[in-house]
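Student: Sharing a structure below in structure tokens format, with a few things to ask.
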Amino acid sequence: MRHKGTQPIETERLILRRFTLEDAQEMFENWANDPEVTRYMRWQPHKRAEESAEVLATWVQSYQSDETYQWAIVRKSDGVLMGSIGMMLGTEEDCPAGWEPGYCIGAAFWGHGYTTEALNAVVDYFLNTTGETTLWCCHATANPASGRVMEKAGFVYHHDGVYHKPSGEAIPAKYYCLQKRT
């Protein structure tokens, strides 16, 4: 693969950029502290902005590697930080090991197509930059809205499975695959 790392991406309504340490408060307030937003994530809601700052410090440090893909989702019209989107090398037991997108966006921004727009942009960037041809994605079965985002980005349902939260809790999930058209 030809890794290029987290490069800026611009869409009609969004700027996808690297996070900075200064994003901690906005990350905390806009999505990371919200139990409704994080209920299907593999991490717990942050209880204080310092937790968001610790996560961002790790992400900012990881940008030194061209194999890091982690973007801030920023609304172009007003510069509001709405969420995050990234690509990670998946290792789920019910999904072939491969690259998988993950995203999280604040509840105030749901229902406007921002996540779909961001996912389409990241998938396009990743497939056309790295040479990768297959991506995997999954969502909690109880979160069909995330599945609709995946389908709008070209992912196709593949199978049912399970993923695990760090606590060990098993979450029934639906797995999707996207094959780059050559």
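Each chain in the structure tokens gets a letter, A, B and so on, in the order shown; residues start at 1 in every chain, and ligands are counted from 1 in the order they appear.
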How would you write, as an MDAnalysis selection string, the set of residues in segment 11-155 of chain A that DSSP gives as strand (DSSP E)?
Tutor: chainID A and resid 14:17 69:75 81:90 98:105 134:140
Student: Would you mind exporting the chosen residues as an mmCIF file, in the first residue's frame, restricted to N, CA and C atoms?
Tutor:
data_model
loop_
_atom_site.group_PDB
_atom_site.id
_atom_site.type_symbol
_atom_site.label_atom_id
_atom_site.label_comp_id
_atom_site.auth_asym_id
_atom_site.auth_seq_id
_atom_site.Cartn_x
_atom_site.Cartn_y
_atom_site.Cartn_z
ATOM 1 N N LEU A 14 -17.938 20.576 3.828
ATOM 2 C CA LEU A 14 -17.068 20.169 4.928
ATOM 3 C C LEU A 14 -15.591 20.407 4.644
ATOM 4 N N ILE A 15 -14.856 20.576 5.717
ATOM 5 C CA ILE A 15 -13.400 20.506 5.690
ATOM 6 C C ILE A 15 -13.018 19.362 6.623
ATOM 7 N N LEU A 16 -12.280 18.405 6.086
ATOM 8 C CA LEU A 16 -11.749 17.308 6.897
ATOM 9 C C LEU A 16 -10.269 17.616 7.081
ATOM 10 N N ARG A 17 -9.855 17.745 8.340
ATOM 11 C CA ARG A 17 -8.487 18.159 8.634
ATOM 12 C C ARG A 17 -7.970 17.370 9.833
ATOM 13 N N TYR A 69 -4.873 7.738 9.759
ATOM 14 C CA TYR A 69 -5.953 8.385 9.022
ATOM 15 C C TYR A 69 -7.027 8.784 10.036
ATOM 16 N N GLN A 70 -6.986 10.015 10.507
ATOM 17 C CA GLN A 70 -7.930 10.496 11.518
ATOM 18 C C GLN A 70 -8.221 11.966 11.261
ATOM 19 N N TRP A 71 -9.464 12.260 10.885
ATOM 20 C CA TRP A 71 -9.845 13.618 10.515
ATOM 21 C C TRP A 71 -10.868 14.217 11.469
ATOM 22 N N ALA A 72 -10.770 15.512 11.658
ATOM 23 C CA ALA A 72 -11.815 16.309 12.280
ATOM 24 C C ALA A 72 -12.815 16.661 11.186
ATOM 25 N N ILE A 73 -14.105 16.550 11.492
ATOM 26 C CA ILE A 73 -15.153 16.936 10.547
ATOM 27 C C ILE A 73 -15.604 18.345 10.928
ATOM 28 N N VAL A 74 -15.305 19.307 10.054
ATOM 29 C CA VAL A 74 -15.591 20.713 10.328
ATOM 30 C C VAL A 74 -16.579 21.236 9.285
ATOM 31 N N ARG A 75 -17.636 21.881 9.772
ATOM 32 C CA ARG A 75 -18.606 22.492 8.856
ATOM 33 C C ARG A 75 -17.994 23.761 8.274
ATOM 34 N N LEU A 81 -16.635 22.333 14.732
ATOM 35 C CA LEU A 81 -16.123 20.964 14.769
ATOM 36 C C LEU A 81 -17.282 20.056 15.158
ATOM 37 N N MET A 82 -17.699 19.180 14.231
ATOM 38 C CA MET A 82 -18.902 18.371 14.425
ATOM 39 C C MET A 82 -18.621 16.941 14.838
ATOM 40 N N GLY A 83 -17.442 16.404 14.479
ATOM 41 C CA GLY A 83 -17.189 14.994 14.766
ATOM 42 C C GLY A 83 -15.839 14.561 14.259
ATOM 43 N N SER A 84 -15.682 13.245 14.196
ATOM 44 C CA SER A 84 -14.420 12.665 13.736
ATOM 45 C C SER A 84 -14.708 11.522 12.776
ATOM 46 N N ILE A 85 -13.740 11.267 11.910
ATOM 47 C CA ILE A 85 -13.815 10.138 10.990
ATOM 48 C C ILE A 85 -12.392 9.660 10.738
ATOM 49 N N GLY A 86 -12.227 8.362 10.666
ATOM 50 C CA GLY A 86 -10.899 7.822 10.445
ATOM 51 C C GLY A 86 -10.947 6.477 9.763
ATOM 52 N N MET A 87 -9.781 5.993 9.416
ATOM 53 C CA MET A 87 -9.624 4.648 8.857
ATOM 54 C C MET A 87 -8.665 3.900 9.767
ATOM 55 N N MET A 88 -9.036 2.684 10.128
ATOM 56 C CA MET A 88 -8.163 1.877 10.969
ATOM 57 C C MET A 88 -8.062 0.468 10.407
ATOM 58 N N LEU A 89 -6.989 -0.186 10.747
ATOM 59 C CA LEU A 89 -6.822 -1.569 10.338
ATOM 60 C C LEU A 89 -7.632 -2.422 11.296
ATOM 61 N N GLY A 90 -8.724 -2.988 10.810
ATOM 62 C CA GLY A 90 -9.638 -3.764 11.644
ATOM 63 C C GLY A 90 -9.117 -5.159 11.925
ATOM 64 N N GLY A 98 -8.828 -5.983 7.618
ATOM 65 C CA GLY A 98 -8.679 -5.040 6.527
ATOM 66 C C GLY A 98 -8.962 -3.650 7.037
ATOM 67 N N TRP A 99 -8.877 -2.681 6.177
ATOM 68 C CA TRP A 99 -9.103 -1.292 6.566
ATOM 69 C C TRP A 99 -10.586 -1.030 6.715
ATOM 70 N N GLU A 100 -10.914 -0.289 7.779
ATOM 71 C CA GLU A 100 -12.309 -0.037 8.093
ATOM 72 C C GLU A 100 -12.490 1.409 8.565
ATOM 73 N N PRO A 101 -13.483 2.103 7.996
ATOM 74 C CA PRO A 101 -13.753 3.456 8.474
ATOM 75 C C PRO A 101 -14.530 3.429 9.780
ATOM 76 N N GLY A 102 -14.323 4.464 10.575
ATOM 77 C CA GLY A 102 -15.106 4.669 11.786
ATOM 78 C C GLY A 102 -15.413 6.148 11.893
ATOM 79 N N TYR A 103 -16.586 6.467 12.398
ATOM 80 C CA TYR A 103 -16.988 7.865 12.472
ATOM 81 C C TYR A 103 -17.885 8.100 13.668
ATOM 82 N N CYS A 104 -17.909 9.346 14.113
ATOM 83 C CA CYS A 104 -18.749 9.764 15.228
ATOM 84 C C CYS A 104 -19.043 11.243 15.029
ATOM 85 N N ILE A 105 -20.317 11.609 15.101
ATOM 86 C CA ILE A 105 -20.701 13.004 14.884
ATOM 87 C C ILE A 105 -21.733 13.396 15.932
ATOM 88 N N THR A 134 -10.401 -2.953 -1.075
ATOM 89 C CA THR A 134 -11.522 -3.467 -0.295
ATOM 90 C C THR A 134 -11.555 -2.802 1.078
ATOM 91 N N LEU A 135 -12.733 -2.359 1.484
ATOM 92 C CA LEU A 135 -12.929 -1.805 2.819
ATOM 93 C C LEU A 135 -14.065 -2.559 3.505
ATOM 94 N N TRP A 136 -13.981 -2.649 4.826
ATOM 95 C CA TRP A 136 -15.017 -3.275 5.641
ATOM 96 C C TRP A 136 -15.560 -2.251 6.606
ATOM 97 N N CYS A 137 -16.799 -2.431 7.007
ATOM 98 C CA CYS A 137 -17.433 -1.509 7.932
ATOM 99 C C CYS A 137 -18.486 -2.281 8.713
ATOM 100 N N CYS A 138 -18.743 -1.883 9.951
ATOM 101 C CA CYS A 138 -19.831 -2.513 10.690
ATOM 102 C C CYS A 138 -20.547 -1.489 11.550
ATOM 103 N N HIS A 139 -21.766 -1.816 11.918
ATOM 104 C CA HIS A 139 -22.533 -0.979 12.832
ATOM 105 C C HIS A 139 -23.348 -1.876 13.745
ATOM 106 N N ALA A 140 -23.639 -1.359 14.931
ATOM 107 C CA ALA A 140 -24.512 -2.081 15.856
ATOM 108 C C ALA A 140 -25.862 -2.282 15.178
#
Student: Given the choices A:Ala145, A:Ala173, A:Leu178, A:Ala97, which gets closest to Asp160 of chain A if the distance is worked out from only C-alpha atoms?
Tutor: A:Ala173
Student: For the interface of segment 49-152 of chain A with segment 19-29 of chain A (cut-off 6 Å, counting only C-alpha atoms), please tabulate each contacting residue of segment 49-152 of chain A alongside its nearest pair of atoms and their separation in Å to one decimal, rows sorted by chain and increasing number, as a tab-separated table.
Tutor:
residue	atom	partner	partner_atom	distance
A:Ala49	CA	A:Phe28	CA	5.3
A:Ser52	CA	A:Ala24	CA	5.3
A:Ala53	CA	A:Ala24	CA	4.8
A:Leu56	CA	A:Leu21	CA	5.9
A:Ala72	CA	A:Phe19	CA	5.5
Student: Which is closer to Thr115 of chain A than all the others in A:Lys152, A:Ser65, A:Glu54, A:Thr133, using only C-alpha atoms?
Tutor: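 Residue with the minimum atom-to-atom distance to Thr115 of chain A: A:Lys152.
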Student: What separation in Å, quoted to one decimal, exists between atom CA of Trp59 of chain A and atom CA of Arg42 of chain A?
Tutor: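 Atom CA of Arg42 of chain A lies at a distance of 16.3 Å from atom CA of Trp59 of chain A.
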Student: From a DSSP calculation on the backbone, collect every residue of chain A in alpha helix (DSSP H) and output the set as a ChimeraX atom specification.
Tutor: /A:24-27,35-38,49-62,114-130,144-152
Student: Record the distance separating atom CA of Asn128 of chain A and atom CA of Gln7 of chain A, expressed in Å with one decimal.
Tutor: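 Pair atom CA of Asn128 of chain A / atom CA of Gln7 of chain A returns 12.9 Å.
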Student: Using Å and a single decimal, report how far atom CA of Gly147 of chain A sits from atom CA of Gln179 of chain A.
Tutor: 16.6 Å
Student: Would you list the contacts of Gln44 of chain A as a list in words, taking every protein, DNA or RNA residue within 9 Å and counting only C-alpha atoms, but skipping same-chain residues closer than 2 positions in sequence?
Tutor: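 That gives Ala32, Asn33, Pro35, Thr38, Arg39, Met41, Arg42, His46 and Lys47 of chain A.
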Student: Go through A:Leu127, A:Ala57, A:Ala142, A:Val162 one by one, measure the shortest atom-to-atom distance of each to Arg2 of chain A using only C-alpha atoms, and give the residue with the smallest value.
Tutor: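 For Arg2 of chain A, the nearest of the candidates is A:Leu127.
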